[in-house]
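Listing of start21.txt; format and content: compact mmCIF, C-alpha atoms and all ligand atoms.
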# COMPACT_ATOMS: atom_id res chain seq x y z
CA MET V 194 -14.26 -2.96 15.78
CA SER V 195 -16.04 -2.26 19.04
CA TRP V 196 -18.87 0.00 20.11
CA GLN V 197 -17.59 3.05 21.98
CA ARG V 198 -19.56 5.66 23.91
CA THR V 199 -19.16 9.24 22.66
CA GLY V 200 -20.64 11.19 25.57
CA ILE V 201 -22.90 12.97 23.07
CA ARG V 202 -26.67 12.84 23.55
CA ALA V 203 -28.59 11.91 20.41
CA GLU V 204 -31.01 14.80 20.86
CA ALA V 205 -28.05 17.22 20.67
CA ILE V 206 -27.51 16.29 17.00
CA ALA V 207 -29.91 18.14 14.76
CA GLU V 208 -30.38 17.32 11.08
CA GLY V 209 -27.36 18.70 9.24
CA ALA V 210 -25.53 19.86 12.40
CA LEU V 211 -21.86 18.96 12.85
CA VAL V 212 -20.86 17.84 16.35
CA ALA V 213 -17.27 17.02 17.32
CA ALA V 214 -16.57 14.02 19.54
CA THR V 215 -13.32 12.56 20.83
CA VAL V 216 -13.23 8.86 21.67
CA GLY V 217 -9.82 7.62 22.75
CA ALA V 218 -7.42 8.52 19.94
CA HIS V 219 -10.26 9.10 17.47
CA SER V 220 -11.45 12.58 16.50
CA LEU V 221 -14.93 12.18 15.09
CA VAL V 222 -17.65 14.30 13.61
CA LEU V 223 -21.29 13.32 14.13
CA SER V 224 -24.30 14.44 12.18
CA ARG V 225 -27.83 13.42 11.29
CA VAL V 226 -28.68 12.62 7.67
CA ALA V 227 -32.31 11.86 6.72
CA GLY V 228 -33.03 11.37 10.42
CA GLU V 229 -30.23 8.85 11.00
CA ILE V 230 -27.19 9.66 13.15
CA ARG V 231 -23.96 9.13 11.25
CA ALA V 232 -20.29 9.25 12.26
CA ALA V 233 -17.10 9.96 10.35
CA ASP V 234 -13.46 10.72 11.00
CA GLY V 235 -13.23 14.34 12.09
CA VAL V 236 -9.93 14.97 10.28
CA CYS V 237 -10.01 15.73 6.56
CA PRO V 238 -8.03 13.14 4.54
CA HIS V 239 -6.54 15.99 2.44
CA ILE V 240 -4.26 17.74 4.93
CA GLY V 241 -6.12 17.53 8.20
CA GLY V 242 -8.87 20.15 8.22
CA ASP V 243 -11.21 20.03 11.23
CA LEU V 244 -14.37 18.74 9.61
CA ALA V 245 -16.56 19.68 12.59
CA ASP V 246 -15.91 23.30 11.50
CA GLY V 247 -17.11 22.52 7.98
CA SER V 248 -20.61 22.68 6.61
CA MET V 249 -23.25 20.11 5.76
CA GLU V 250 -25.89 20.34 3.06
CA GLU V 251 -28.11 17.47 1.94
CA GLY V 252 -25.74 14.84 3.31
CA ARG V 253 -22.63 16.40 1.77
CA LEU V 254 -19.91 17.56 4.16
CA THR V 255 -17.61 20.35 2.99
CA CYS V 256 -14.17 20.78 4.55
CA PRO V 257 -13.57 24.33 5.85
CA LEU V 258 -9.98 24.53 4.58
CA HIS V 259 -9.98 23.81 0.83
CA GLY V 260 -13.56 22.82 0.08
CA ALA V 261 -13.32 19.08 -0.51
CA THR V 262 -16.77 17.54 -0.16
CA PHE V 263 -17.69 14.06 1.00
CA ASP V 264 -20.84 11.96 1.07
CA PHE V 265 -21.39 11.74 4.82
CA VAL V 266 -23.11 8.34 4.57
CA THR V 267 -20.58 6.50 2.37
CA GLY V 268 -17.48 8.69 2.77
CA ALA V 269 -17.13 8.95 -1.02
CA VAL V 270 -15.39 12.04 -2.39
CA ARG V 271 -17.85 14.31 -4.22
CA ALA V 272 -15.40 17.11 -4.98
CA ASP V 273 -11.68 17.23 -4.40
CA PRO V 274 -9.92 20.21 -2.77
CA PHE V 275 -10.50 23.54 -4.51
CA GLY V 276 -13.67 22.16 -6.12
CA VAL V 277 -11.96 19.83 -8.58
CA ALA V 278 -14.16 16.89 -9.50
CA PRO V 279 -12.80 13.41 -8.70
CA PRO V 280 -10.46 11.81 -9.61
CA GLU V 281 -8.33 14.85 -10.55
CA GLY V 282 -7.58 16.04 -7.02
CA GLY V 283 -6.90 12.60 -5.64
CA VAL V 284 -8.05 13.06 -2.02
CA GLU V 285 -8.88 9.81 -0.20
CA PRO V 286 -12.45 8.92 0.85
CA LEU V 287 -13.55 9.93 4.34
CA PRO V 288 -13.62 7.02 6.82
CA VAL V 289 -17.17 6.55 8.12
CA PHE V 290 -18.29 4.40 11.05
CA PRO V 291 -21.54 2.76 12.15
CA ALA V 292 -23.41 4.71 14.83
CA ARG V 293 -26.26 3.81 17.17
CA THR V 294 -28.06 5.26 20.16
CA THR V 295 -28.04 3.48 23.52
CA ASP V 296 -29.98 5.00 26.42
CA GLY V 297 -30.00 8.30 24.56
CA GLU V 298 -26.24 8.41 24.01
CA VAL V 299 -24.51 8.04 20.64
CA GLU V 300 -22.16 5.08 20.30
CA VAL V 301 -19.81 4.51 17.37
CA ASP V 302 -18.30 1.23 16.16
CA LEU V 303 -14.58 2.00 15.91
CA PRO V 304 -11.47 -0.01 15.02
CA SER V 305 -9.83 -1.38 18.15
S1 LIG T 401 -7.77 19.93 4.46
FE1 LIG T 401 -9.78 19.43 3.80
S2 LIG T 401 -9.84 20.03 1.74
FE2 LIG T 401 -7.84 20.51 2.38
For the structure just supplied, provide its representation as structure tokens.
Amino acid sequence: MSWQRTGIRAEAIAEGALVAATVGAHSLVLSRVAGEIRAADGVCPHIGGDLADGSMEEGRLTCPLHGATFDFVTGAVRADPFGVAPPEGGVEPLPVFPARTTDGEVEVDLPS
């Protein structure tokens, strides 16, 4: 793991907003939950929906393609695709990554 700059200013991330960021080979989605900036993989673990085009409500991210929802802090699945409650749908948890702000810019701790 190593801290990587995202090029995204912390003030650009409002509570509940979804902001896409690309860092090397990683597509990420950034948001702010309870005032804290959080980062997750930007590609849905179901079949690849662009999670930055999804929606966020009370820390739950919903994929725009088939409606799987994830806890944006832990990555845990809250509802599988098509609204099926876990574990019936079997979608994998969403990878989440530590985030911090350095000189006003968001950095994310990513696998090397
Ligand atoms: S691609 Fe995200 S729920 Fe299907």
*Choose the residue, out of V:Gly297, V:Gly241, V:Pro279, V:Pro304, that has the smallest atom-to-atom separation from ligand LIG 401 (chain T); count only C-alpha atoms and all ligand atoms.*
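Once distances to ligand LIG 401 (chain T) are computed over only C-alpha atoms and all ligand atoms, the minimum belongs to V:Gly241.
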_Residue nearest Phe265 (chain V) - candidates V:Val289, V:Met194, V:Val212, V:Ile201, atoms counted: only C-alpha atoms_ =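 Once distances to Phe265 (chain V) are computed over only C-alpha atoms, the minimum belongs to V:Val289.
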May I have a table of the residues of chain V lying at most 6 Å from ligand LIG 401 (chain T), giving each one's closest pair of atoms and their distance in Å to one decimal, counting all atoms listed in the file, ordered by chain and ascending residue number, as CSV?
residue,atom,partner,partner_atom,distance
V:Cys237,CA,T:LIG401,FE1,4.6
V:His239,CA,T:LIG401,S1,4.6
V:Ile240,CA,T:LIG401,S1,4.2
V:Gly241,CA,T:LIG401,S1,4.7
V:Gly242,CA,T:LIG401,S1,3.9
V:Cys256,CA,T:LIG401,FE1,4.7
V:Leu258,CA,T:LIG401,FE2,5.1
V:His259,CA,T:LIG401,S2,3.9
V:Gly260,CA,T:LIG401,S2,4.9
V:Ala261,CA,T:LIG401,S2,4.3
V:Pro274,CA,T:LIG401,S2,4.5
Contacts of Ala292 (chain V) within 8 Å, only C-alpha atoms, excl. fewer than 2 positions in-chain, as a CSV table (one decimal) with C-alpha atoms, in the frame of the given file:
chain,number,residue,atom,x,y,z
V,230,ILE,CA,-27.2,9.7,13.2
V,231,ARG,CA,-24.0,9.1,11.2
V,232,ALA,CA,-20.3,9.2,12.3
V,290,PHE,CA,-18.3,4.4,11.0
V,294,THR,CA,-28.1,5.3,20.2
V,299,VAL,CA,-24.5,8.0,20.6
V,300,GLU,CA,-22.2,5.1,20.3
V,301,VAL,CA,-19.8,4.5,17.4
V,302,ASP,CA,-18.3,1.2,16.2
Box dimensions and centre (Å, one decimal) enclosing region 198-213 of chain V, axis-aligned, 3 Å extra per side, as lines of an AutoDock Vina configuration file:
center_x = -24.1
center_y = 12.8
center_z = 17.4
size_x = 19.7
size_y = 20.2
size_z = 22.3
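Between CA of Glu285 (chain V) and CA of Ser224 (chain V) lies a distance of 20.3 Å.
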*Pick the closest to Val222 (chain V) from V:Leu244, V:Ala207, V:Leu254, V:Leu303: which is it, counting only C-alpha atoms?*
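Using only C-alpha atoms, the shortest distance to Val222 (chain V) belongs to V:Leu244.
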*Write out as a list in words which residues come within 12 Å of Ala218 (chain V) when counting only C-alpha atoms, dropping same-chain ones fewer than 6 positions away.*
Gln197, Asp234, Gly235, Val236, Leu303, Pro304 and Ser305 of chain V
_As an exercise, work out the distance from CA of Phe263 (chain V) to CA of Pro238 (chain V) in Å and give it to one decimal place._
10.3 Å
